[in-house]
>>> print(open('work_14.txt').read())   # compact mmCIF, C-alpha atoms
# COMPACT_ATOMS: atom_id res chain seq x y z
CA MET A 21 -20.94 -2.64 4.58
CA ASN A 22 -20.06 -3.81 1.07
CA GLN A 23 -16.53 -4.91 0.38
CA PRO A 24 -14.51 -2.57 -1.82
CA MET A 25 -14.76 -3.60 -5.46
CA HIS A 26 -11.62 -1.92 -6.76
CA ALA A 27 -7.99 -2.07 -5.71
CA ILE A 28 -5.15 0.20 -6.79
CA ILE A 29 -1.64 -1.22 -6.47
CA LEU A 30 1.28 1.19 -6.79
CA ALA A 31 3.99 -0.73 -8.66
CA ALA A 32 5.79 1.90 -10.73
CA GLY A 33 8.99 2.40 -8.73
CA ARG A 34 12.50 1.28 -9.58
CA GLY A 35 13.70 0.07 -6.17
CA ARG A 36 17.19 1.56 -6.39
CA ARG A 37 17.98 0.69 -2.78
CA LEU A 38 17.77 -3.00 -3.69
CA ALA A 39 20.55 -2.88 -6.27
CA GLY A 40 22.16 -6.30 -6.44
CA GLN A 41 19.17 -8.05 -4.89
CA ILE A 42 16.93 -8.06 -7.96
CA SER A 43 18.07 -10.10 -10.95
CA ASP A 44 17.75 -8.73 -14.48
CA GLY A 45 16.59 -5.35 -13.18
CA LEU A 46 13.09 -6.58 -12.37
CA PRO A 47 10.78 -4.34 -10.31
CA LYS A 48 10.42 -5.05 -6.60
CA CYS A 49 6.90 -6.44 -6.88
CA LEU A 50 8.26 -9.38 -8.90
CA LEU A 51 10.62 -10.47 -6.14
CA GLU A 52 9.82 -14.08 -5.27
CA PHE A 53 9.62 -15.59 -1.81
CA GLY A 54 8.82 -19.27 -1.51
CA GLY A 55 8.21 -19.51 -5.24
CA LYS A 56 5.63 -16.71 -5.48
CA SER A 57 6.10 -13.07 -6.38
CA LEU A 58 4.89 -10.31 -4.09
CA LEU A 59 2.49 -9.23 -6.82
CA ARG A 60 1.03 -12.69 -7.27
CA ARG A 61 0.30 -12.84 -3.55
CA HIS A 62 -1.45 -9.46 -3.69
CA LEU A 63 -3.64 -10.51 -6.59
CA GLU A 64 -4.57 -13.92 -5.20
CA LEU A 65 -5.57 -12.47 -1.84
CA LEU A 66 -7.60 -9.68 -3.43
CA TRP A 67 -9.36 -12.22 -5.66
CA ARG A 68 -10.16 -14.46 -2.71
CA GLY A 69 -11.34 -11.43 -0.76
CA GLY A 70 -13.99 -10.59 -3.33
CA VAL A 71 -12.28 -7.67 -5.09
CA SER A 72 -13.29 -7.87 -8.74
CA GLN A 73 -11.07 -5.21 -10.33
CA VAL A 74 -7.46 -4.25 -9.73
CA ASP A 75 -5.70 -1.28 -11.27
CA LEU A 76 -1.92 -1.52 -11.37
CA VAL A 77 0.07 1.67 -11.72
CA VAL A 78 3.24 0.66 -13.55
CA GLY A 79 6.33 2.49 -14.78
CA TYR A 80 9.75 0.89 -14.40
CA GLU A 81 9.87 -2.38 -16.38
CA ALA A 82 6.12 -2.14 -16.99
CA ASP A 83 6.17 -4.85 -19.67
CA ALA A 84 7.57 -7.40 -17.22
CA ILE A 85 4.72 -6.70 -14.79
CA ILE A 86 2.06 -6.86 -17.50
CA GLU A 87 3.44 -10.17 -18.77
CA HIS A 88 3.60 -11.61 -15.25
CA VAL A 89 0.00 -10.68 -14.47
CA GLY A 90 -1.14 -12.16 -17.77
CA ARG A 91 0.18 -15.57 -16.70
CA LEU A 92 -1.83 -15.62 -13.48
CA SER A 93 -5.28 -17.19 -13.27
CA GLU A 94 -6.37 -16.54 -9.67
CA ARG A 95 -6.69 -12.77 -9.80
CA PRO A 96 -9.22 -10.00 -10.31
CA ALA A 97 -9.66 -8.41 -13.71
CA ALA A 98 -6.61 -6.20 -14.21
CA ALA A 99 -6.09 -2.82 -15.84
CA PHE A 100 -2.75 -1.06 -16.18
CA HIS A 101 -2.04 2.65 -15.84
CA PHE A 102 1.39 3.72 -17.06
CA ASN A 103 3.23 6.42 -15.14
CA PRO A 104 6.11 7.62 -17.35
CA ARG A 105 7.27 9.87 -14.49
CA PHE A 106 7.98 7.00 -12.12
CA GLU A 107 11.26 8.60 -11.06
CA GLU A 108 9.25 11.35 -9.36
CA GLY A 109 7.25 11.06 -6.14
CA SER A 110 4.62 8.39 -5.66
CA VAL A 111 1.94 11.08 -5.58
CA VAL A 112 2.26 11.03 -9.38
CA SER A 113 1.64 7.28 -9.41
CA LEU A 114 -1.49 7.63 -7.30
CA LEU A 115 -2.70 10.36 -9.64
CA ALA A 116 -2.28 7.92 -12.54
CA GLY A 117 -5.14 5.98 -10.96
CA ARG A 118 -7.37 9.05 -10.95
CA GLU A 119 -10.06 7.50 -13.14
CA THR A 120 -10.62 4.74 -10.59
CA LEU A 121 -10.39 7.12 -7.63
CA GLU A 122 -13.13 9.25 -9.19
CA SER A 123 -15.31 6.32 -10.29
CA GLY A 124 -17.48 6.35 -7.16
CA SER A 125 -16.34 2.87 -6.14
CA ASP A 126 -14.82 1.99 -2.80
CA VAL A 127 -11.07 1.62 -3.24
CA VAL A 128 -8.32 -0.34 -1.54
CA LEU A 129 -4.93 1.32 -2.08
CA MET A 130 -1.82 -0.83 -1.67
CA ASP A 131 1.94 -0.54 -1.97
CA ALA A 132 3.24 -3.37 -4.15
CA ASP A 133 6.42 -4.10 -2.20
CA VAL A 134 4.92 -5.68 0.94
CA LEU A 135 4.93 -9.31 2.11
CA TYR A 136 2.16 -9.82 4.66
CA HIS A 137 -0.08 -12.22 6.54
CA PRO A 138 -3.40 -12.74 4.69
CA VAL A 139 -5.41 -11.67 7.75
CA ILE A 140 -3.98 -8.15 7.37
CA LEU A 141 -5.83 -7.66 4.10
CA THR A 142 -8.93 -9.39 5.45
CA ARG A 143 -9.05 -6.89 8.33
CA LEU A 144 -9.02 -4.04 5.84
CA LEU A 145 -11.64 -5.51 3.52
CA ARG A 146 -14.00 -6.37 6.38
CA SER A 147 -13.48 -3.26 8.46
CA ASP A 148 -16.50 -1.32 9.64
CA HIS A 149 -14.57 1.86 8.87
CA ALA A 150 -15.46 3.22 5.43
CA ASN A 151 -12.09 5.00 5.39
CA CYS A 152 -9.46 2.91 7.08
CA PHE A 153 -5.75 2.77 7.90
CA LEU A 154 -3.81 -0.27 9.14
CA MET A 155 -1.47 0.20 12.09
CA ASP A 156 1.20 -2.01 13.67
CA ARG A 157 2.23 -0.84 17.16
CA ASP A 158 5.23 -3.20 17.26
CA PHE A 159 7.74 -1.37 15.09
CA THR A 160 11.36 -0.22 15.18
CA PRO A 161 11.58 3.55 15.77
CA GLY A 162 13.50 5.65 13.29
CA ASP A 163 13.09 7.90 10.28
CA GLU A 164 12.02 5.19 7.82
CA PRO A 165 8.63 3.97 9.15
CA VAL A 166 5.58 6.04 8.20
CA LYS A 167 3.92 6.54 11.56
CA ILE A 168 0.28 6.84 12.58
CA ALA A 169 -0.28 8.81 15.78
CA LEU A 170 -3.67 8.66 17.50
CA ARG A 171 -5.21 10.73 20.26
CA ASP A 172 -8.59 9.70 21.66
CA GLY A 173 -9.03 7.29 18.76
CA ARG A 174 -8.45 9.86 16.02
CA ILE A 175 -5.46 10.27 13.73
CA VAL A 176 -3.46 13.36 14.67
CA GLU A 177 -0.41 12.70 12.51
CA PHE A 178 0.60 10.50 9.59
CA ARG A 179 4.24 10.99 8.70
CA LYS A 180 7.74 9.58 9.01
CA GLN A 181 8.84 12.35 11.36
CA LEU A 182 6.72 13.61 14.23
CA ALA A 183 6.89 17.03 15.84
CA GLY A 184 8.45 16.96 19.29
CA ASP A 185 5.41 18.57 20.89
CA LEU A 186 2.84 16.29 19.23
CA ARG A 187 0.34 14.89 21.75
CA PHE A 188 -0.82 11.31 21.14
CA ASP A 189 -1.78 8.23 23.14
CA ARG A 190 -1.16 5.51 20.54
CA LEU A 191 1.56 5.18 17.92
CA GLY A 192 2.19 2.64 15.21
CA GLU A 193 3.63 2.08 11.76
CA SER A 194 1.45 2.24 8.67
CA VAL A 195 1.36 -1.00 6.69
CA GLY A 196 0.91 0.99 3.48
CA PHE A 197 -2.61 -0.28 2.73
CA PHE A 198 -5.71 1.93 2.90
CA ARG A 199 -9.43 1.74 2.25
CA PHE A 200 -11.46 4.71 1.01
CA ASP A 201 -15.13 5.01 0.16
CA GLY A 202 -16.06 6.53 -3.19
CA SER A 203 -16.32 10.08 -1.91
CA MET A 204 -13.03 9.97 -0.04
CA ALA A 205 -11.24 8.33 -2.97
CA ALA A 206 -12.30 11.26 -5.17
CA THR A 207 -11.04 13.68 -2.53
CA MET A 208 -7.68 11.90 -2.57
CA ALA A 209 -7.51 12.27 -6.35
CA GLY A 210 -8.16 15.98 -6.03
CA GLU A 211 -5.43 16.40 -3.43
CA CYS A 212 -2.92 14.54 -5.62
CA ALA A 213 -3.85 16.81 -8.53
CA ARG A 214 -3.26 19.85 -6.33
CA PHE A 215 0.19 18.56 -5.40
CA GLU A 216 1.06 18.23 -9.08
CA SER A 217 -0.33 21.62 -10.10
CA GLU A 218 1.57 23.34 -7.29
CA GLY A 219 4.91 21.79 -8.22
CA MET A 220 5.02 19.11 -5.52
CA SER A 221 5.16 16.09 -7.82
CA ASP A 222 8.25 14.80 -6.02
CA ALA A 223 6.22 14.14 -2.85
CA PRO A 224 5.25 10.69 -1.59
CA HIS A 225 1.56 9.89 -1.88
CA GLU A 226 1.36 9.61 1.91
CA GLU A 227 1.70 13.40 2.10
CA ALA A 228 -1.47 13.88 0.05
CA ILE A 229 -3.27 11.32 2.21
CA ARG A 230 -2.01 13.10 5.33
CA ASN A 231 -3.46 16.42 4.26
CA VAL A 232 -6.87 14.90 3.67
CA VAL A 233 -7.00 12.92 6.91
CA LEU A 234 -5.87 15.83 9.09
CA ARG A 235 -8.62 18.03 7.63
CA ALA A 236 -11.32 15.54 8.65
CA PRO A 237 -9.91 12.94 11.07
CA GLN A 238 -13.41 12.03 12.26
CA LEU A 239 -14.03 10.36 8.88
CA PHE A 240 -11.19 7.84 9.32
CA GLY A 241 -10.68 4.75 11.43
CA VAL A 242 -7.77 2.44 12.16
CA GLU A 243 -7.50 -1.34 12.28
CA ASP A 244 -4.74 -2.60 14.58
CA VAL A 245 -2.79 -5.50 13.03
CA THR A 246 -0.12 -5.72 15.72
CA GLY A 247 1.21 -9.26 16.03
CA LEU A 248 0.61 -10.23 12.41
CA PRO A 249 3.84 -10.63 10.38
CA TRP A 250 4.55 -8.28 7.48
CA ILE A 251 7.45 -6.39 5.94
CA GLU A 252 7.94 -3.67 3.35
CA ILE A 253 10.82 -4.53 1.02
CA ASP A 254 13.02 -1.44 0.79
CA PHE A 255 16.57 -2.54 1.62
CA PRO A 256 18.71 -5.65 1.03
CA GLU A 257 18.30 -6.68 4.66
CA ASP A 258 14.52 -6.65 4.16
CA VAL A 259 14.85 -9.32 1.47
CA THR A 260 16.75 -11.54 3.89
CA ARG A 261 14.31 -10.97 6.73
CA ALA A 262 11.33 -11.59 4.46
CA ALA A 263 12.71 -14.97 3.41
CA ASP A 264 14.11 -16.11 6.75
CA GLU A 265 11.59 -14.71 9.24
CA ILE A 266 8.41 -13.24 7.79
CA LEU A 267 7.44 -15.94 5.27
CA PRO A 268 7.99 -18.80 7.76
CA ALA A 269 5.84 -16.93 10.30
CA ILE A 270 3.08 -16.51 7.72
CA ARG A 271 3.28 -20.13 6.64
CA ALA A 272 2.95 -21.30 10.24
CA ASP A 273 -0.70 -20.21 9.87
CA HIS A 274 -1.09 -20.53 6.09
CA PRO A 275 1.21 -23.32 4.80
CA ASP A 276 0.26 -22.79 1.15
CA HIS A 277 0.83 -19.03 1.11
>>> encode(input="work_14.txt", output="structure tokens")
Amino acid sequence: MNQPMHAIILAAGRGRRLAGQISDGLPKCLLEFGGKSLLRRHLELLWRGGVSQVDLVVGYEADAIIEHVGRLSERPAAAFHFNPRFEEGSVVSLLAGRETLESGSDVVLMDADVLYHPVILTRLLRSDHANCFLMDRDFTPGDEPVKIALRDGRIVEFRKQLAGDLRFDRLGESVGFFRFDGSMAATMAGECARFESEGMSDAPHEEAIRNVVLRAPQLFGVEDVTGLPWIEIDFPEDVTRAADEILPAIRADHPDH
């Protein structure tokens, strides 16, 4: 199977929950750990993984992101899609990448605010599943993690909160990275457009993805990345854990990362 040639990185949000942790009001994706921004790490790993084009959906402090990307050399070709409604749900940001979603290319979709072991992205790019989720079974229960529930190898739920009577035999947290083939990417664009037209623009993009996957779970697969270090940066304590725990664990395997 060919590697996906396009990546979409959602980087429009403000990161209000990190007030006081980000200097000069910079967006979360420009947070630095070990001298490198989260965004730089994304772009370098995509470039090394053979992805030739990356589309960044920007909004809050878009100029800072554009300037930062312009200074980087080891990266795919970059295009920017401005989402002026970045205060709304991330479904609007994903819809801003509609042109790429409907281009017919395979697409890797990524949240920008994640620090992760390089093998996590490699698993996604090299997966035999044309439409793929990443799942970590070692997670802290609660309302914050977006959960993937499986029964007999198929996704039966993809949401932060699970119904009490849901039947599943495997459960994990979504890393926030996905792979879609050209047809499925176009379907995702259509579902995001439906959310907007029906007044649900405040929804997270995961809800649009959920609707699509639950309609045809047989078209999706999951790669298990349990044991590989990663963290989504949402709260001040995440910044501390990323610097003190996650990055050292990554650098134990990849000293230059």
>>> residues_around(input="work_14.txt", residues="Arg187 of chain A", least_positions_apart="5", cutoff="10 Å", atoms="all atoms listed in the file", output="number ranges by chain")
A: 169-171, 176-177, 182
>>> closest_residue(input="work_14.txt", among="A:Ala32, A:His149, A:Leu38, A:Ile140", to="Val259 of chain A", atoms="all atoms listed in the file")
A:Leu38
>>> atom_distance(input="work_14.txt", atom1="atom CA of Arg60 of chain A", atom2="atom CA of Ala272 of chain A")
19.6 Å
>>> closest_residue(input="work_14.txt", among="A:Gly202, A:Arg235, A:Ala97, A:Arg190", to="Arg118 of chain A", atoms="only C-alpha atoms")
A:Gly202
>>> closest_residue(input="work_14.txt", among="A:Ile168, A:Gly33, A:Leu135, A:Glu227", to="Glu81 of chain A", atoms="all atoms listed in the file")
A:Gly33
>>> closest_residue(input="work_14.txt", among="A:Ala236, A:Val242, A:Leu141, A:Leu115", to="Met155 of chain A", atoms="only C-alpha atoms")
A:Val242
>>> closest_residue(input="work_14.txt", among="A:Asp158, A:Leu114, A:Phe178, A:Asp189", to="Ala206 of chain A", atoms="all atoms listed in the file")
A:Leu114
>>> closest_residue(input="work_14.txt", among="A:Gly117, A:Gly54, A:Ser217, A:His137", to="Asp264 of chain A", atoms="only C-alpha atoms")
A:Gly54
>>> residues_around(input="work_14.txt", residues="Phe53 of chain A", least_positions_apart="2", cutoff="8 Å", atoms="only C-alpha atoms", output="list in words")
Leu51, Gly55, Lys56, Ser57, Leu58, Ala262, Ala263 and Leu267 of chain A
>>> atom_distance(input="work_14.txt", atom1="atom CA of Ala132 of chain A", atom2="atom CA of Cys49 of chain A")
5.5 Å
>>> atom_distance(input="work_14.txt", atom1="atom CA of Ala116 of chain A", atom2="atom CA of His101 of chain A")
6.2 Å
>>> residues_near_point(input="work_14.txt", point="(8.7, -6.2, 6.3)", cutoff="7 Å", atoms="only C-alpha atoms", output="MDAnalysis selection string")
chainID A and resid 134:135 250:253 258 262
>>> residues_around(input="work_14.txt", residues="Asp156 of chain A", least_positions_apart="4", cutoff="9 Å", atoms="all atoms listed in the file", output="VMD selection string")
chain A and resid 168 191 to 195 243 to 248
>>> axis_aligned_box(input="work_14.txt", around="segment 146-158 of chain A", padding_each_side="8 Å", output="lines of an AutoDock Vina configuration file")
center_x = -5.6
center_y = -0.7
center_z = 11.3
size_x = 37.7
size_y = 27.4
size_z = 27.9
>>> residues_around(input="work_14.txt", residues="Gly35 of chain A", least_positions_apart="4", cutoff="12 Å", atoms="only C-alpha atoms", output="JSON, numbers by chain")
{"A": [31, 39, 40, 41, 42, 45, 46, 47, 48, 49, 50, 51, 79, 80, 81, 106, 107, 132, 133, 252, 253, 254, 255, 256]}
>>> residues_around(input="work_14.txt", residues="segment 119-126 of chain A", least_positions_apart="3", cutoff="8 Å", atoms="only C-alpha atoms", output="VMD selection string")
chain A and resid 23 to 26 75 116 199 to 203 205 to 206 208 to 209
>>> residues_near_point(input="work_14.txt", point="(-6.4, 10.7, 7.0)", cutoff="9 Å", atoms="only C-alpha atoms", output="list in words")
Asn151, Cys152, Phe153, Ile175, Val176, Glu177, Phe178, Ile229, Arg230, Asn231, Val232, Val233, Leu234, Arg235, Ala236, Pro237, Gln238, Leu239, Phe240 and Gly241 of chain A
